[in-house]
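K.L.:
One structure, as structure tokens, below. Some questions next.
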Amino acid sequence: ALRGPRTYGWAVGGVLMLALPFYVDRFWLQAGVFAMAAAIGAIGINLLTGATGQLSMGHAFFLAVGAYGYCVFAGESTVESGHRLTGLGLPSWLAVILAVALAGVAGGLFSPIAGRLRGAYLGIATLALIFIGQHLLFNARDLTGGFNGRAVPPLSLFGFTFDDSERVIAAVPFQSSEKLWYAALLALVAGALFARGVLRGRPGRAMNAIRDHRIAAGVMGVPVARYRAAVFVLSSMYAGLAGVLLALIFQRTVPDYFGMTLSLEYLAMIVIGGLGTVRGAVLGAAFVSLLPQLLTRYSDSLPLVSTPGTGSGIAPGEAARYLYGAAIVAVVLFLPGGLTRLTMTREKKQ
């Protein structure tokens with residue numbers, strides 16, 4: 001009975017997402033692209049933490065691998081800020097594939113540990129990745145540019161470059177935000193459909209069994225260590241793709257961004273949105289990633305929130321952390337299923 005209305009809803013939503021770049025301004029497009037990139041990373045960690053029950057505190061490390069891997073693969077060798085930067089000069093579309101694969105390789109190197117540890121022990125082990133990553137990002141200057149980071153080469157596909165060069169389509173000037181909107185939307189849809197297929201198939205049932213009762217899953221014939229390692233690699237590849245998109249949005253990568261705070265934000269996304277579901281990852285990513293930007297844009301109209309740099313009140317980023325910290329507490333106490341539970345309840349009532 002719900003299939004018809006739900007199908008119409010998805011169709012209307014798809015048309016709306018395709019049409020938005022023709023009608024909204026640059027701020028909303030950049031915020032939307034950032035949210036879609038965050039959603040891809042959130043789907044990856046939700047497969048690991050929400051569906052398999054493996055706590056990871058090192059998600060930001062794999063985001064950094066994807067972002068800097070793309071810069072190295074697609075960039076040219078040049079001198080910037082007194083440092084010689086190494087670049088392979090590969091086609092940017094190939095650099096995206098290699099950067100995602102590199103994140104998967106990094107996850108594969110850590111997967112033997114991920115396959116044997118669980119709970120807080122795995123969380124502490126993955127936390128070490130953050131410190132290792134920060135040390136490498138600041139000191140491997142030939143690859144990362146050090147403290148100042150390095151510029152991100154624009155994505156080019158079939159002769160179409162996703163940069164600020166203006167291209168008029170239907171009397172609307174398309175620049176980087178408009179172009180990246182469709183690239184991020186395509187990546188998000190593909191990633192969401194793949195993750196949904198995994199969760200609804202036999203691998204998803206095995207992952208849930210491992211999460212609910214590891215010993216019982218092993219008795220039923222589920223190779224627990226192998227599944228844990230494989231999901232860790234898959235989660236790392238999702239993070240690598242999200243890192244590439246974030247680098248393309250920011251147009252410059254800096255080490256400070258890929259710290260512990262970013263990993264905590266991704267954990268907040270899946271808790272607020274709902275553990276173990278693709279929809280929950282997308283909803284939580286939209287909430288956590290858009291909230292600071294909205295507070296920054298409307299800081300003049302909000303009480304207690306100050307314009308960045310003025311110091312007369314709470315900074316928008318700090319206020320956003322307070323709010324989604326409170327949201328985590330509210331979800332844990334009153335809405336264990338997260339925001340996705342609200343949408344599911346509404347569908348059942350209809």
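A note on labels: chains of the structure tokens are A, B, ... as shown, every chain counts residues from 1, and ligands are counted from 1 in their shown order.
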I want to know what sits within 7 Å of Phe73 in chain A, based on only C-alpha atoms, with residues of the same chain fewer than 4 positions away left out; could you give that as a PDB file with C-alpha atoms, in the first residue's frame?

P.N.:
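Saved the output as result.pdb:
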ATOM      1  CA  GLY A  69      45.934  10.530  -2.333  1.00  0.00           C
ATOM      2  CA  GLY A  87      52.623  14.790  -8.063  1.00  0.00           C
ATOM      3  CA  LEU A  88      52.125  12.044 -10.607  1.00  0.00           C
ATOM      4  CA  GLY A  89      50.014  14.071 -13.040  1.00  0.00           C
ATOM      5  CA  LEU A  90      47.546  11.262 -13.757  1.00  0.00           C
ATOM      6  CA  ALA A  95      43.216   9.659  -9.544  1.00  0.00           C
TER       7      ALA A  95
END

K.L.:
I need the residues of range 148-253 of chain A that end up classed as helix (DSSP H, G or I) by DSSP on the backbone, written out as a ChimeraX atom specification.

P.N.:
/A:148,176-200,202-212,214-219,224-250

K.L.:
Give me the residues within 7 Å of range 143-152 of chain A as a count of residues only, counting only C-alpha atoms and dropping any in the same chain fewer than 6 places off.

P.N.:
14

K.L.:
Select from range 79-117 of chain A everything DSSP, run on the backbone, classes as strand (DSSP E), then give the selection as a PyMOL selection string.

P.N.:
chain A and resi 79-80+83-88

K.L.:
Let me see the file: selected residues, C-alpha atoms, as an mmCIF file, in the first residue's frame.

P.N.:
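again33.cif, freshly written:
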data_model
loop_
_atom_site.group_PDB
_atom_site.id
_atom_site.type_symbol
_atom_site.label_atom_id
_atom_site.label_comp_id
_atom_site.auth_asym_id
_atom_site.auth_seq_id
_atom_site.Cartn_x
_atom_site.Cartn_y
_atom_site.Cartn_z
ATOM 1 C CA VAL A 79 57.077 24.200 -5.750
ATOM 2 C CA GLU A 80 54.562 25.760 -3.366
ATOM 3 C CA HIS A 83 58.316 23.184 -0.596
ATOM 4 C CA ARG A 84 58.611 20.906 -3.566
ATOM 5 C CA LEU A 85 55.394 18.920 -3.877
ATOM 6 C CA THR A 86 55.325 15.516 -5.520
ATOM 7 C CA GLY A 87 52.623 14.790 -8.063
ATOM 8 C CA LEU A 88 52.125 12.044 -10.607
#

K.L.:
I'd like to know which of A:Val331, A:Leu186, A:Val244, A:Ala286 is closest to Leu98 in chain A, using only C-alpha atoms.

P.N.:
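Checking each candidate against Leu98 in chain A, we get A:Val244 as the closest.
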